[in-house]
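Down below is the structure, laid out as structure tokens.
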Amino acid sequence: MSEKKNVVCVGIDLGTSRSAVSASNGQRHIVDSYVGWPVDMVARKILKKNVLIGREALDSRPMLDLHRPLERGLLKEGSEKDQQAVRQLLIHLLELAGLGEKERENTQVRAVVGVPAEAMRVNKQQLRTAFAGLVDALLIVSEPFAVAYGIEALLHAMVIDIGAGTTDLCVMNGRYPTEEDQRTLLNAGDWVDEQLTRLIAARYPEASISPYMVREWKERYSFVGEPHGNVLVTAPVNGKPTQLDITEPMRIACEGLVPPIAETMLDLIARVEPEFQEKVRHSIVLAGGSSAIRGLDVALAAALQEIGGGVVRSVEDPMFAGSDGGLAIATDAPDGDWEKLVG
Amino acid sequence: MRAMGQIDRTKRRILRQAVQENLMTLRGLPPPRLVRARPRWRRWALAVSPLLVPAALLALALMWASTGGDSAAPPPGEMPGLPTKARLASPLPSESVATTAPRSPLASLASSDPNLRLPHPAPLDPSILALGVRRIVLDPGHGGEDHGTTGPLGLVEKELTLDVALRTAELLAAEGFEVLLTRDSDISLPLDRRASLANSMRGDVLVSIHVNWIPNRRARGVETYWLGPTDDPFIKDLAAAENRSSGYSLADFRRLVEGIYADVRKDESRRLAEAVQKELYRSLARLNPSLHDRGVKTAPFVVLVSTEMPAILAEVGCLSNEDEARLLATPKYRRRIAEALTAGIVAFAQQRATTARSEGSS
């Protein structure tokens with residue numbers, strides 16, 4: 001497939017909010033999925049860069065034409081700038097993994113990328129286009145499958161991958177999951193952010209809050225069930241920094257995730273062959289950045305009580321579960337298969 | 001050790017399946033599915049159709065002869081389609097037809113006599129020819145830079161139509177039909193090019209797949225169009241939106257429309273539209289209880305105007321309604337749409353085959 005003798009495998013979790021890369025050379029990195037270009041000459045002079053990516057872009061956002069090029073875990077469409085942003089994000093992830101342009105000249109890069117379970121064929125084609133020329137061979141798999149592969153939950157198990165754009169559920173029956181084995185919900189981290197913003201605005205109409213502030217509060221304080229204490233944050237009210245108690249809005253917004261996920265989880269279990277349903281109920285794994293909501297595993301386990309109970313646990317490293325799984329797939333796939341996936 | 005070995009075997013099998021799915025995407029094929037057995041009627045129809053076609057042609061020729069070949073012909077001098085001067089020259093005396101030995105239409109066509117007038121046939125019901133529906137052309141609406149409509153959840157019409165078309169193609173192929181698509185990837189394709197592609201593919205029917213957007217966000221439902229005029233302002237707007245990238249001039253369009261409104265294809269198109277609409281509503285209402293049957297309608301969509309086969313345009317869902325958009329986002333619902341389209345096309349084909357059988361036996 002290639003004259004390049006050195007082979008590096010990478011697993012990439014291209015997320016709506018954050019993207020992760022795990023490489024066979026030991027590199028593991030996570031990046032906020034934001035790309036920004038300086039808005040003018042002055043901004044470029046101050047920032048001293050033509051393009052900023054990740055946290056750096058977020059921190060300098062007033063001076064940038066900022067793009068979040070993924071939506072629902074997929075490439076946004078319609079804007080050439082978003083297409084360029086995805087490409088920049090991929091280049092950045094590869095560079096972080098030690099696979100800059102120069103390194104790629106002598107290294108065969110085999111990449112596995114996770115996409116939402118219900119991504120359409122056309123979305124996968126767009127992703128291939130975005131990767132063209134950056135990697136030597138590309139395998140696209142469903143995100144929850146990548147997680148399942150990484151933790152070897154391949155038989156009678158369910159993975160619930162809660163990201164920012166989508167929540168993907170997948171039952172593993174010892175085969176590559178079909179459409180019948182998977183579901184994608186749009187109730188995920190971003191949805192919680194929207195609810196939280198709305199609820200805070202209703203409670204504190206004078207407060208000035210941004211989506212970035214809400215996201216940070218959620219990541220720090222999110223919970224389901226009983227609070228461990230009041231959630232107090234600071235935001236400007238009429239220009240004056242003011243402490244706001246957002247305990248109740250936080251609880252309501254986060255608990256809104258439980259019914260759709262629980263309902264879909266129960267529906268998928270009901271479709272498993274009867275003799276294996278109990279095994280699946282006792283092997284449910286949460287992954288993805290938004291699975292870190294405290295008490296979510298307990299709430300989902302409680303939902304399982306109505307069908308006989310079960311066990312819901314979180315993966316050890318939810319942020320890297322997808323990219324680590326992708327790397328495991330990339331490493332295990334035989335050379336012969338990679339040769340078929342060139343381009 | 002045994003458990004490790006089993007995990008390794010499972011992993012190898014799963015990896016093979018993952019690679020296979022990717023290769024199918026690269027080749028422009030939908031993911032593998034179970035292939036359903038071909039229905040008995042379809043096997044029968046395919047088996048006997050080579051016999052039915054000549055038999056029906058013979059029957060047609062005899063019918064033609066028994067009616068003198070011009071039972072529905074206009075009076076002499078009123079031959080449509082000929083310039084007035086030609087119509088008035090050398091009218092064919094009716095007695096000359098009566099005294100002439102029965103001639104088949106093919107024999108008439110073979111004549112080199114420049115003065116010979118071809119008898120004007122009665123309006124022809126294509127079902128009498130027992131011509132089976134074998135080749136289906138599917139047209140996934142929009143594509144490339146033309147996104148079509150966009151839903152509140154960020155769903156894009158061009159992606160949905162392609163997804164549904166690929167699923168439908170697979171199901172129809174499993175039923176024994178030959179299926180061709182005007183596009184199988186995300187490319188821009190002007191409407192005139194779609195029509196010429198469909199014509200060059202020589203399809204027996206064309207089904208153009210679209211997703212609706214209705215200003216009243218609470219409205220939802222399915223509707224199917226065949227070619228015809230309309231006074232409905234909503235349909236006019238819809239047709240104008242869909243025809244925007246037609247590539248035809250006004251003169252082209254007028255010529256096409258004038259030639260087609262009187263065409264025999266309109267009856268076939270209407271039947272196909274009725275069959276598809278019935279199945280769409282019946283099937284989707286089970287998953288979407290609030291679905292509204294918006295019915296079978298006529299509209300001058302360019303893709304229907306310029307195709308040379310029975311053609312319909314199905315609006316298989318409504319992206320302006322958030323609940324329906326959520327359903328459209330699920331593969332289960334899109335698969336159900338594909339199954340409904342397939343069932344409608346099969347029902348139409350079956351109707352044609354049944355008509356052919358009854359014509360053949362009478």
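We label chains A, B, ... in the order they appear in the structure tokens, count residues from 1 in each chain, and number ligands from 1 in the order shown.
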
Where does chain B meet chain A within 7 Å, residue by residue, with the nearest atom pair and distance in Å to one decimal for each, counting only C-alpha atoms, listed by chain and rising number, as JSON lines?
```
{"residue": "B:Thr10", "atom": "CA", "partner": "A:Gly174", "partner_atom": "CA", "distance": 6.2}
{"residue": "B:Ile14", "atom": "CA", "partner": "A:Tyr176", "partner_atom": "CA", "distance": 4.9}
{"residue": "B:Leu15", "atom": "CA", "partner": "A:Ala333", "partner_atom": "CA", "distance": 6.5}
{"residue": "B:Gln17", "atom": "CA", "partner": "A:Tyr176", "partner_atom": "CA", "distance": 5.8}
{"residue": "B:Ala18", "atom": "CA", "partner": "A:Tyr176", "partner_atom": "CA", "distance": 6.1}
{"residue": "B:Val19", "atom": "CA", "partner": "A:Asp337", "partner_atom": "CA", "distance": 6.8}
{"residue": "B:Asn22", "atom": "CA", "partner": "A:Leu139", "partner_atom": "CA", "distance": 6.6}
{"residue": "B:Thr25", "atom": "CA", "partner": "A:Arg121", "partner_atom": "CA", "distance": 6.5}
{"residue": "B:Glu159", "atom": "CA", "partner": "A:Val122", "partner_atom": "CA", "distance": 6.3}
{"residue": "B:Asp163", "atom": "CA", "partner": "A:Met120", "partner_atom": "CA", "distance": 6.8}
{"residue": "B:Ser185", "atom": "CA", "partner": "A:Val122", "partner_atom": "CA", "distance": 6.8}
{"residue": "B:Asp186", "atom": "CA", "partner": "A:Val122", "partner_atom": "CA", "distance": 6.6}
{"residue": "B:Pro331", "atom": "CA", "partner": "A:Glu118", "partner_atom": "CA", "distance": 6.7}
```

Using backbone DSSP assignments, extract all helix (DSSP H, G or I) residues from segment 142-235 of chain B; output them as a ChimeraX atom specification.
/B:157-174,191-200,233-235

Would you put the residues from that selection into a file with N, CA, C and O atoms, as a CSV table (one decimal), in the first residue's frame?
```csv
chain,number,residue,atom,x,y,z
B,157,GLU,N,-31.9,18.0,3.8
B,157,GLU,CA,-32.7,17.2,2.9
B,157,GLU,C,-31.9,16.3,1.9
B,157,GLU,O,-32.2,15.1,1.7
B,158,LYS,N,-30.8,16.9,1.4
B,158,LYS,CA,-30.1,16.1,0.4
B,158,LYS,C,-29.5,14.8,1.0
B,158,LYS,O,-29.3,13.8,0.3
B,159,GLU,N,-29.2,14.8,2.3
B,159,GLU,CA,-28.6,13.6,2.9
B,159,GLU,C,-29.7,12.6,3.2
B,159,GLU,O,-29.5,11.4,3.0
B,160,LEU,N,-30.9,13.1,3.6
B,160,LEU,CA,-32.0,12.2,3.9
B,160,LEU,C,-32.5,11.5,2.6
B,160,LEU,O,-32.7,10.3,2.6
B,161,THR,N,-32.6,12.3,1.5
B,161,THR,CA,-33.1,11.7,0.3
B,161,THR,C,-32.1,10.7,-0.2
B,161,THR,O,-32.6,9.6,-0.7
B,162,LEU,N,-30.8,10.9,-0.1
B,162,LEU,CA,-29.9,9.9,-0.6
B,162,LEU,C,-29.9,8.7,0.3
B,162,LEU,O,-29.9,7.5,-0.3
B,163,ASP,N,-30.0,8.9,1.6
B,163,ASP,CA,-30.1,7.7,2.5
B,163,ASP,C,-31.3,6.9,2.1
B,163,ASP,O,-31.2,5.6,2.0
B,164,VAL,N,-32.5,7.5,2.0
B,164,VAL,CA,-33.7,6.8,1.7
B,164,VAL,C,-33.6,6.1,0.3
B,164,VAL,O,-34.0,4.9,0.2
B,165,ALA,N,-33.0,6.8,-0.6
B,165,ALA,CA,-32.9,6.2,-2.0
B,165,ALA,C,-32.0,5.0,-2.0
B,165,ALA,O,-32.4,4.0,-2.6
B,166,LEU,N,-30.9,5.0,-1.3
B,166,LEU,CA,-30.0,3.9,-1.2
B,166,LEU,C,-30.7,2.7,-0.5
B,166,LEU,O,-30.6,1.5,-1.0
B,167,ARG,N,-31.5,3.0,0.5
B,167,ARG,CA,-32.2,1.9,1.2
B,167,ARG,C,-33.2,1.3,0.3
B,167,ARG,O,-33.4,0.1,0.2
B,168,THR,N,-34.0,2.2,-0.4
B,168,THR,CA,-35.0,1.7,-1.3
B,168,THR,C,-34.4,0.9,-2.5
B,168,THR,O,-35.0,-0.1,-2.8
B,169,ALA,N,-33.3,1.4,-3.0
B,169,ALA,CA,-32.6,0.7,-4.1
B,169,ALA,C,-32.3,-0.8,-3.7
B,169,ALA,O,-32.5,-1.7,-4.4
B,170,GLU,N,-31.8,-0.9,-2.5
B,170,GLU,CA,-31.4,-2.2,-2.0
B,170,GLU,C,-32.7,-3.1,-1.8
B,170,GLU,O,-32.7,-4.3,-2.2
B,171,LEU,N,-33.7,-2.6,-1.3
B,171,LEU,CA,-35.0,-3.4,-1.1
B,171,LEU,C,-35.6,-3.8,-2.5
B,171,LEU,O,-36.0,-4.9,-2.6
B,172,LEU,N,-35.6,-2.8,-3.4
B,172,LEU,CA,-36.1,-3.1,-4.7
B,172,LEU,C,-35.3,-4.2,-5.4
B,172,LEU,O,-35.8,-5.1,-6.1
B,173,ALA,N,-34.0,-4.1,-5.3
B,173,ALA,CA,-33.1,-5.1,-5.9
B,173,ALA,C,-33.4,-6.5,-5.3
B,173,ALA,O,-33.4,-7.4,-6.1
B,174,ALA,N,-33.7,-6.5,-4.0
B,174,ALA,CA,-34.0,-7.8,-3.4
B,174,ALA,C,-35.3,-8.3,-3.9
B,174,ALA,O,-35.6,-9.5,-3.9
B,191,LEU,N,-31.8,19.7,-12.5
B,191,LEU,CA,-33.0,18.9,-12.8
B,191,LEU,C,-33.0,18.4,-14.3
B,191,LEU,O,-33.5,17.3,-14.5
B,192,ASP,N,-32.6,19.2,-15.2
B,192,ASP,CA,-32.6,18.8,-16.6
B,192,ASP,C,-31.7,17.6,-16.8
B,192,ASP,O,-31.9,16.7,-17.5
B,193,ARG,N,-30.6,17.6,-16.1
B,193,ARG,CA,-29.6,16.5,-16.1
B,193,ARG,C,-30.2,15.2,-15.5
B,193,ARG,O,-30.0,14.1,-16.0
B,194,ARG,N,-30.9,15.4,-14.4
B,194,ARG,CA,-31.6,14.3,-13.8
B,194,ARG,C,-32.6,13.6,-14.8
B,194,ARG,O,-32.6,12.4,-14.9
B,195,ALA,N,-33.3,14.5,-15.4
B,195,ALA,CA,-34.3,14.0,-16.4
B,195,ALA,C,-33.6,13.3,-17.5
B,195,ALA,O,-34.0,12.2,-17.9
B,196,SER,N,-32.6,13.9,-18.1
B,196,SER,CA,-31.9,13.2,-19.2
B,196,SER,C,-31.2,11.9,-18.8
B,196,SER,O,-31.2,11.0,-19.5
B,197,LEU,N,-30.7,11.9,-17.6
B,197,LEU,CA,-30.1,10.7,-17.1
B,197,LEU,C,-31.2,9.6,-17.0
B,197,LEU,O,-31.0,8.4,-17.4
B,198,ALA,N,-32.3,10.0,-16.4
B,198,ALA,CA,-33.4,9.0,-16.2
B,198,ALA,C,-33.9,8.5,-17.6
B,198,ALA,O,-34.1,7.3,-17.8
B,199,ASN,N,-33.9,9.4,-18.5
B,199,ASN,CA,-34.4,8.9,-19.9
B,199,ASN,C,-33.3,8.0,-20.5
B,199,ASN,O,-33.7,7.0,-21.1
B,200,SER,N,-32.0,8.4,-20.3
B,200,SER,CA,-31.0,7.5,-21.0
B,200,SER,C,-30.9,6.2,-20.3
B,200,SER,O,-30.5,5.2,-20.8
B,233,PRO,N,-51.7,27.6,-4.1
B,233,PRO,CA,-50.5,28.4,-4.0
B,233,PRO,C,-49.3,27.8,-3.3
B,233,PRO,O,-48.2,28.0,-3.6
B,234,PHE,N,-49.6,26.9,-2.3
B,234,PHE,CA,-48.6,26.2,-1.6
B,234,PHE,C,-47.8,25.3,-2.6
B,234,PHE,O,-46.6,25.3,-2.6
B,235,ILE,N,-48.6,24.6,-3.4
B,235,ILE,CA,-47.9,23.6,-4.3
B,235,ILE,C,-47.1,24.4,-5.4
B,235,ILE,O,-46.0,24.0,-5.8
```

Nearest candidate to His147 of chain B (options B:Thr354, B:Arg134, B:Leu189, B:Leu180; using only C-alpha atoms)
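Selected residue with least distance to His147 of chain B: B:Leu189.
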
What lies within 7 Å of Ala253 of chain A using only C-alpha atoms, ignoring chain neighbours under 2 positions off, as a list of chain:residue names?
A:Val192, A:Gln195, A:Leu196, A:Pro249, A:Met250, A:Arg251, A:Glu255, A:Gly256

Output the selection as a compact mmCIF listing (two decimals), in the first residue's frame - N, CA, C and O atoms for each residue.
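What follows is the written file selection.txt:
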```txt
# COMPACT_ATOMS: atom_id res chain seq x y z
N VAL A 192 -28.03 19.82 27.41
CA VAL A 192 -28.04 20.21 28.82
C VAL A 192 -27.66 21.68 28.94
O VAL A 192 -28.28 22.43 29.70
N GLN A 195 -30.63 23.83 28.10
CA GLN A 195 -31.64 23.85 29.18
C GLN A 195 -31.15 24.70 30.35
O GLN A 195 -31.90 25.49 30.92
N LEU A 196 -29.88 24.52 30.68
CA LEU A 196 -29.32 25.24 31.83
C LEU A 196 -29.33 26.75 31.57
O LEU A 196 -29.71 27.54 32.45
N PRO A 249 -31.54 24.87 38.83
CA PRO A 249 -31.44 24.79 37.36
C PRO A 249 -30.50 23.66 36.91
O PRO A 249 -30.79 22.95 35.94
N MET A 250 -29.38 23.49 37.61
CA MET A 250 -28.43 22.44 37.24
C MET A 250 -29.07 21.05 37.37
O MET A 250 -28.94 20.21 36.49
N ARG A 251 -29.77 20.84 38.48
CA ARG A 251 -30.40 19.53 38.69
C ARG A 251 -31.45 19.25 37.60
O ARG A 251 -31.46 18.18 36.98
N GLU A 255 -31.08 16.28 34.90
CA GLU A 255 -32.04 15.18 35.00
C GLU A 255 -32.89 15.04 33.73
O GLU A 255 -33.46 13.97 33.49
N GLY A 256 -32.94 16.09 32.94
CA GLY A 256 -33.65 16.01 31.67
C GLY A 256 -33.05 14.99 30.72
O GLY A 256 -33.71 14.50 29.79
```

Just want the 7 Å neighbourhood of Thr234 of chain A, counted on only C-alpha atoms, with same-chain residues fewer than 5 positions away dropped. Output as a ChimeraX atom specification.
/A:241-244

Point out the residue among B:Thr298, B:Asn216, B:Ser283, B:Asn288 with the least atom-to-atom distance to Lys266 of chain B, counting only C-alpha atoms.
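That would be B:Thr298, the residue with the smallest distance to Lys266 of chain B.
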
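Distances from A:Glu216, A:Phe276, A:Val112, A:Glu143 to Ala328 of chain A were compared using only C-alpha atoms, and the smallest one belongs to A:Val112.
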
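Using only C-alpha atoms for every distance, the candidate list B:Gly176, B:Pro152, B:Gly143, B:Pro300 yields B:Pro152 as the residue closest to Asn321 of chain B.
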